[in-house]
Amino acid sequence: FGLDTASGVMRWLDERGIGVPVGPARVPIVPAAILFDLWLGDARIRPDAEAGHAACAAASRAAPAQGNVGAGAGASVGKLYGMARAMRGGIGSASVRAGGFTVGALVAVNALGDVIDPSSGRPIAGARNADGTALLGTMQAILAGELPAPFQPGAATTIGVVATDARLTKAQANKLAQMAHDGLARSINPVHTMGDGDTLFALATGAAGRSADLTLIGALAAEATARAVLNAVRAAGRLTGPGLPELPCASDFA
């Protein structure tokens with residue numbers, strides 16, 4: 001559910017003649033990915049083509065909202081010990097600049113693992129202890145012998161996009177997306193599990209007017225991605241409501 005949004009994006013682009021020239025037509029190429037957030041809210045409400053079209057129409061240069069909005073509305077983290085001990089995830093953004101180039105990241109954080117502050121190595125959101133009063137520290141618990149029960153496959157995923165104003169080839173953009181995953185590894189633990197379908201897309205606007213050293217741009221992408229993950233959970237709010245699990249947010253344990 002949710003992949004239909006790409007059809008709305010394609011329609012918006014097609015209406016404006018944006019796409020790859022193919023004979024008599026221009027074909028918009030719109031890759032897509034979704035996250036699994038059906039644990040929270042009404043599973044019958046799903047993003048559709050109209051939502052994708054409306055998102056394009058609403059796009060602006062204003063700073064994007066963060067936390068439990070958009071793709072982050074139903075996001076959660078720290079689910080290896082069950083939803084009852086999980087916390088709120090969300091969507092976050094960040095950008096960094098060096099060498100005359102900017103790299104930004106927008107990440108919807110819906111991971112099985114904990115969100116870790118790379119500066120301290122400590123979890124700021126994730127699985128909680130049995131009575132829910134403190135962060136457990138999933139990896140520390142696993143290493144101490146407190147093993148989680150098998151979790152339903154496909155019940156999580158962190159998705160996002162990294163973008164730069166440098167000029168990149170298609171192959172370089174693919175490498176940029178790969179390097180950006182290092183930012184997920186710095187800020188989520190465990191990450192890339194069998195229950196996660198972590199996916200990052202990359203794009204280059206070329207607005208800087210010149211090519212860049214991909215080592216530099218990739219390093220910036222990893223940094224922006226890690227910061228965006230932290231911003232996502234720090235901006236999240238507590239979720240309460242009839243029939244909903246009571247999931248705290250990072251600010252409850254700050």
# chains A, B, ... in the order shown; residues from 1 in each chain; ligands from 1
>>> residues_around(residues="range 150-164 of chain A", least_positions_apart="4", cutoff="9 Å", atoms="only C-alpha atoms", output="ChimeraX atom specification")
/A:33-39,75-77,79-82,91,101-112,168,176-177,180,184,192,194-208,217,221,224-225
>>> write_last_selection(atoms="C-alpha atoms", output="PDB file, in the first residue's frame")
ATOM      1  CA  ALA A  33       9.239   2.803  -1.888  1.00  0.00           C
ATOM      2  CA  ILE A  34       6.903   2.487   1.086  1.00  0.00           C
ATOM      3  CA  LEU A  35       7.234   1.802   4.784  1.00  0.00           C
ATOM      4  CA  PHE A  36       5.105  -0.564   6.861  1.00  0.00           C
ATOM      5  CA  ASP A  37       3.246   1.458   9.504  1.00  0.00           C
ATOM      6  CA  LEU A  38      -0.012  -0.492   9.704  1.00  0.00           C
ATOM      7  CA  TRP A  39       0.494  -1.122  13.436  1.00  0.00           C
ATOM      8  CA  ALA A  75       6.360   5.561  12.157  1.00  0.00           C
ATOM      9  CA  SER A  76       7.775   3.712  15.164  1.00  0.00           C
ATOM     10  CA  VAL A  77      11.185   2.442  16.291  1.00  0.00           C
ATOM     11  CA  LYS A  79      10.219  -2.910  17.810  1.00  0.00           C
ATOM     12  CA  LEU A  80      12.437  -5.965  18.283  1.00  0.00           C
ATOM     13  CA  TYR A  81      10.877  -6.614  21.696  1.00  0.00           C
ATOM     14  CA  GLY A  82       7.321  -5.997  20.465  1.00  0.00           C
ATOM     15  CA  ILE A  91      10.334  11.948   9.460  1.00  0.00           C
ATOM     16  CA  PHE A 101      28.441  21.857  -2.263  1.00  0.00           C
ATOM     17  CA  THR A 102      25.308  21.119  -0.251  1.00  0.00           C
ATOM     18  CA  VAL A 103      23.854  17.683   0.509  1.00  0.00           C
ATOM     19  CA  GLY A 104      20.460  17.293   2.140  1.00  0.00           C
ATOM     20  CA  ALA A 105      18.571  14.262   3.434  1.00  0.00           C
ATOM     21  CA  LEU A 106      14.922  13.564   4.176  1.00  0.00           C
ATOM     22  CA  VAL A 107      14.353  10.291   6.071  1.00  0.00           C
ATOM     23  CA  ALA A 108      11.212   8.543   7.338  1.00  0.00           C
ATOM     24  CA  VAL A 109      12.410   6.513  10.337  1.00  0.00           C
ATOM     25  CA  ASN A 110      10.336   3.397  10.976  1.00  0.00           C
ATOM     26  CA  ALA A 111      13.059   0.982  12.069  1.00  0.00           C
ATOM     27  CA  LEU A 112      13.086  -2.233  14.053  1.00  0.00           C
ATOM     28  CA  LEU A 168      26.527  13.665 -10.896  1.00  0.00           C
ATOM     29  CA  LEU A 176      25.840   8.372  -3.401  1.00  0.00           C
ATOM     30  CA  ALA A 177      22.758   6.440  -2.257  1.00  0.00           C
ATOM     31  CA  ALA A 180      24.291   7.515   2.471  1.00  0.00           C
ATOM     32  CA  LEU A 184      21.676   4.855   8.786  1.00  0.00           C
ATOM     33  CA  HIS A 192      19.282  -3.383   7.735  1.00  0.00           C
ATOM     34  CA  MET A 194      15.496  -8.973   7.858  1.00  0.00           C
ATOM     35  CA  GLY A 195      12.431  -7.048   9.030  1.00  0.00           C
ATOM     36  CA  ASP A 196      13.605  -3.778   7.467  1.00  0.00           C
ATOM     37  CA  GLY A 197      13.548  -2.896   3.781  1.00  0.00           C
ATOM     38  CA  ASP A 198      15.765   0.153   4.159  1.00  0.00           C
ATOM     39  CA  THR A 199      15.834   2.164   0.932  1.00  0.00           C
ATOM     40  CA  LEU A 200      17.489   5.475   0.043  1.00  0.00           C
ATOM     41  CA  PHE A 201      17.157   7.305  -3.257  1.00  0.00           C
ATOM     42  CA  ALA A 202      19.658   9.888  -4.516  1.00  0.00           C
ATOM     43  CA  LEU A 203      19.345  12.801  -6.886  1.00  0.00           C
ATOM     44  CA  ALA A 204      21.526  15.641  -8.138  1.00  0.00           C
ATOM     45  CA  THR A 205      20.112  18.990  -9.199  1.00  0.00           C
ATOM     46  CA  GLY A 206      23.361  20.238 -10.720  1.00  0.00           C
ATOM     47  CA  ALA A 207      22.543  23.741  -9.417  1.00  0.00           C
ATOM     48  CA  ALA A 208      26.151  24.230  -8.273  1.00  0.00           C
ATOM     49  CA  ILE A 217      29.675  14.212  -1.474  1.00  0.00           C
ATOM     50  CA  ALA A 221      25.384  12.363   2.490  1.00  0.00           C
ATOM     51  CA  ALA A 224      23.161  14.454   6.604  1.00  0.00           C
ATOM     52  CA  THR A 225      21.352  11.114   6.743  1.00  0.00           C
TER      53      THR A 225
END
>>> select_by_dssp(residues="range 21-134 of chain A", states="helix (DSSP H, G or I)", output="PDB file with all heavy atoms, in the first residue's frame")
ATOM      1  N   ALA A  49      -2.820   7.938  -5.370  1.00  0.00           N
ATOM      2  CA  ALA A  49      -2.303   8.773  -6.453  1.00  0.00           C
ATOM      3  C   ALA A  49      -2.613  10.249  -6.223  1.00  0.00           C
ATOM      4  O   ALA A  49      -1.789  11.117  -6.523  1.00  0.00           O
ATOM      5  CB  ALA A  49      -2.872   8.310  -7.791  1.00  0.00           C
ATOM      6  N   GLU A  50      -3.787  10.534  -5.678  1.00  0.00           N
ATOM      7  CA  GLU A  50      -4.138  11.925  -5.411  1.00  0.00           C
ATOM      8  C   GLU A  50      -3.208  12.543  -4.376  1.00  0.00           C
ATOM      9  O   GLU A  50      -2.857  13.722  -4.455  1.00  0.00           O
ATOM     10  CB  GLU A  50      -5.600  12.027  -4.960  1.00  0.00           C
ATOM     11  CG  GLU A  50      -6.607  11.782  -6.065  1.00  0.00           C
ATOM     12  CD  GLU A  50      -6.367  12.685  -7.274  1.00  0.00           C
ATOM     13  OE1 GLU A  50      -6.161  13.908  -7.074  1.00  0.00           O
ATOM     14  OE2 GLU A  50      -6.383  12.178  -8.412  1.00  0.00           O
ATOM     15  N   ALA A  51      -2.796  11.744  -3.391  1.00  0.00           N
ATOM     16  CA  ALA A  51      -1.863  12.235  -2.382  1.00  0.00           C
ATOM     17  C   ALA A  51      -0.516  12.568  -3.018  1.00  0.00           C
ATOM     18  O   ALA A  51       0.107  13.575  -2.684  1.00  0.00           O
ATOM     19  CB  ALA A  51      -1.684  11.198  -1.278  1.00  0.00           C
ATOM     20  N   GLY A  52      -0.058  11.730  -3.954  1.00  0.00           N
ATOM     21  CA  GLY A  52       1.197  12.005  -4.641  1.00  0.00           C
ATOM     22  C   GLY A  52       1.129  13.268  -5.467  1.00  0.00           C
ATOM     23  O   GLY A  52       2.064  14.091  -5.471  1.00  0.00           O
ATOM     24  N   HIS A  53       0.017  13.460  -6.160  1.00  0.00           N
ATOM     25  CA  HIS A  53      -0.165  14.656  -6.981  1.00  0.00           C
ATOM     26  C   HIS A  53      -0.225  15.897  -6.098  1.00  0.00           C
ATOM     27  O   HIS A  53       0.408  16.923  -6.391  1.00  0.00           O
ATOM     28  CB  HIS A  53      -1.443  14.519  -7.814  1.00  0.00           C
ATOM     29  CG  HIS A  53      -1.611  15.569  -8.874  1.00  0.00           C
ATOM     30  ND1 HIS A  53      -2.125  16.822  -8.596  1.00  0.00           N
ATOM     31  CD2 HIS A  53      -1.320  15.559 -10.207  1.00  0.00           C
ATOM     32  CE1 HIS A  53      -2.160  17.538  -9.711  1.00  0.00           C
ATOM     33  NE2 HIS A  53      -1.673  16.793 -10.706  1.00  0.00           N
ATOM     34  N   ALA A  54      -0.950  15.801  -5.000  1.00  0.00           N
ATOM     35  CA  ALA A  54      -1.085  16.938  -4.088  1.00  0.00           C
ATOM     36  C   ALA A  54       0.253  17.300  -3.452  1.00  0.00           C
ATOM     37  O   ALA A  54       0.534  18.483  -3.220  1.00  0.00           O
ATOM     38  CB  ALA A  54      -2.112  16.619  -3.005  1.00  0.00           C
ATOM     39  N   ALA A  55       1.081  16.284  -3.173  1.00  0.00           N
ATOM     40  CA  ALA A  55       2.398  16.543  -2.587  1.00  0.00           C
ATOM     41  C   ALA A  55       3.261  17.358  -3.535  1.00  0.00           C
ATOM     42  O   ALA A  55       3.972  18.281  -3.123  1.00  0.00           O
ATOM     43  CB  ALA A  55       3.084  15.230  -2.223  1.00  0.00           C
ATOM     44  N   CYS A  56       3.203  17.030  -4.820  1.00  0.00           N
ATOM     45  CA  CYS A  56       3.965  17.796  -5.815  1.00  0.00           C
ATOM     46  C   CYS A  56       3.465  19.235  -5.878  1.00  0.00           C
ATOM     47  O   CYS A  56       4.258  20.186  -5.922  1.00  0.00           O
ATOM     48  CB  CYS A  56       3.841  17.155  -7.187  1.00  0.00           C
ATOM     49  SG  CYS A  56       4.652  15.570  -7.353  1.00  0.00           S
ATOM     50  N   ALA A  57       2.155  19.407  -5.868  1.00  0.00           N
ATOM     51  CA  ALA A  57       1.577  20.745  -5.958  1.00  0.00           C
ATOM     52  C   ALA A  57       1.919  21.583  -4.733  1.00  0.00           C
ATOM     53  O   ALA A  57       2.036  22.807  -4.816  1.00  0.00           O
ATOM     54  CB  ALA A  57       0.060  20.647  -6.116  1.00  0.00           C
ATOM     55  N   ALA A  58       2.100  20.922  -3.591  1.00  0.00           N
ATOM     56  CA  ALA A  58       2.370  21.643  -2.339  1.00  0.00           C
ATOM     57  C   ALA A  58       3.851  21.877  -2.101  1.00  0.00           C
ATOM     58  O   ALA A  58       4.222  22.577  -1.150  1.00  0.00           O
ATOM     59  CB  ALA A  58       1.782  20.872  -1.164  1.00  0.00           C
ATOM     60  N   GLY A  70       3.261  13.471   7.504  1.00  0.00           N
ATOM     61  CA  GLY A  70       3.543  12.793   6.246  1.00  0.00           C
ATOM     62  C   GLY A  70       3.872  11.330   6.433  1.00  0.00           C
ATOM     63  O   GLY A  70       3.181  10.607   7.154  1.00  0.00           O
ATOM     64  N   ALA A  71       4.965  10.904   5.795  1.00  0.00           N
ATOM     65  CA  ALA A  71       5.364   9.497   5.903  1.00  0.00           C
ATOM     66  C   ALA A  71       5.766   9.112   7.321  1.00  0.00           C
ATOM     67  O   ALA A  71       5.850   7.926   7.643  1.00  0.00           O
ATOM     68  CB  ALA A  71       6.526   9.219   4.948  1.00  0.00           C
ATOM     69  N   GLY A  72       6.004  10.101   8.180  1.00  0.00           N
ATOM     70  CA  GLY A  72       6.373   9.807   9.559  1.00  0.00           C
ATOM     71  C   GLY A  72       5.202   9.736  10.511  1.00  0.00           C
ATOM     72  O   GLY A  72       5.393   9.528  11.720  1.00  0.00           O
ATOM     73  N   MET A  83       5.686  -4.321  19.871  1.00  0.00           N
ATOM     74  CA  MET A  83       5.157  -2.969  19.764  1.00  0.00           C
ATOM     75  C   MET A  83       4.874  -2.360  21.126  1.00  0.00           C
ATOM     76  O   MET A  83       4.933  -1.137  21.300  1.00  0.00           O
ATOM     77  CB  MET A  83       3.884  -2.971  18.924  1.00  0.00           C
ATOM     78  CG  MET A  83       4.133  -3.071  17.430  1.00  0.00           C
ATOM     79  SD  MET A  83       5.109  -1.680  16.759  1.00  0.00           S
ATOM     80  CE  MET A  83       4.028  -0.292  17.094  1.00  0.00           C
ATOM     81  N   ALA A  84       4.557  -3.188  22.120  1.00  0.00           N
ATOM     82  CA  ALA A  84       4.241  -2.656  23.449  1.00  0.00           C
ATOM     83  C   ALA A  84       5.429  -1.952  24.086  1.00  0.00           C
ATOM     84  O   ALA A  84       5.261  -1.127  24.990  1.00  0.00           O
ATOM     85  CB  ALA A  84       3.748  -3.782  24.353  1.00  0.00           C
ATOM     86  N   ARG A  85       6.640  -2.270  23.616  1.00  0.00           N
ATOM     87  CA  ARG A  85       7.837  -1.649  24.181  1.00  0.00           C
ATOM     88  C   ARG A  85       8.528  -0.705  23.184  1.00  0.00           C
ATOM     89  O   ARG A  85       9.651  -0.274  23.411  1.00  0.00           O
ATOM     90  CB  ARG A  85       8.805  -2.742  24.636  1.00  0.00           C
ATOM     91  CG  ARG A  85       8.247  -3.573  25.777  1.00  0.00           C
ATOM     92  CD  ARG A  85       9.052  -4.833  26.053  1.00  0.00           C
ATOM     93  NE  ARG A  85      10.410  -4.547  26.517  1.00  0.00           N
ATOM     94  CZ  ARG A  85      11.277  -5.503  26.870  1.00  0.00           C
ATOM     95  NH1 ARG A  85      10.909  -6.791  26.817  1.00  0.00           N
ATOM     96  NH2 ARG A  85      12.484  -5.179  27.282  1.00  0.00           N
TER      97      ARG A  85
END
>>> residues_around(residues="Met139 in chain A", least_positions_apart="3", cutoff="8 Å", atoms="only C-alpha atoms", output="number ranges by chain")
A: 142-143, 189-190
>>> atom_distance(atom1="CA of Trp12 in chain A", atom2="CA of Lys170 in chain A")
23.1 Å
>>> decode(residues="range 142-159 of chain A", atoms="C-alpha atoms", output="PDB file, in the first residue's frame")
ATOM      1  CA  ILE A 142      21.097  -8.841  23.049  1.00  0.00           C
ATOM      2  CA  LEU A 143      24.756  -9.080  24.045  1.00  0.00           C
ATOM      3  CA  ALA A 144      23.671  -9.666  27.654  1.00  0.00           C
ATOM      4  CA  GLY A 145      21.535 -12.612  26.531  1.00  0.00           C
ATOM      5  CA  GLU A 146      18.086 -11.000  26.407  1.00  0.00           C
ATOM      6  CA  LEU A 147      17.164 -12.194  22.942  1.00  0.00           C
ATOM      7  CA  PRO A 148      14.084 -10.804  21.168  1.00  0.00           C
ATOM      8  CA  ALA A 149      11.313 -13.066  19.920  1.00  0.00           C
ATOM      9  CA  PRO A 150      11.027 -13.553  16.141  1.00  0.00           C
ATOM     10  CA  PHE A 151       9.389 -10.480  14.598  1.00  0.00           C
ATOM     11  CA  GLN A 152       7.035 -10.473  11.643  1.00  0.00           C
ATOM     12  CA  PRO A 153       9.026  -9.939   8.420  1.00  0.00           C
ATOM     13  CA  GLY A 154       8.327  -6.740   6.548  1.00  0.00           C
ATOM     14  CA  ALA A 155       7.004  -4.952   9.623  1.00  0.00           C
ATOM     15  CA  ALA A 156       9.342  -1.975   9.475  1.00  0.00           C
ATOM     16  CA  THR A 157      11.605   0.007   7.081  1.00  0.00           C
ATOM     17  CA  THR A 158      13.434   3.304   6.930  1.00  0.00           C
ATOM     18  CA  ILE A 159      13.158   5.149   3.631  1.00  0.00           C
TER      19      ILE A 159
END
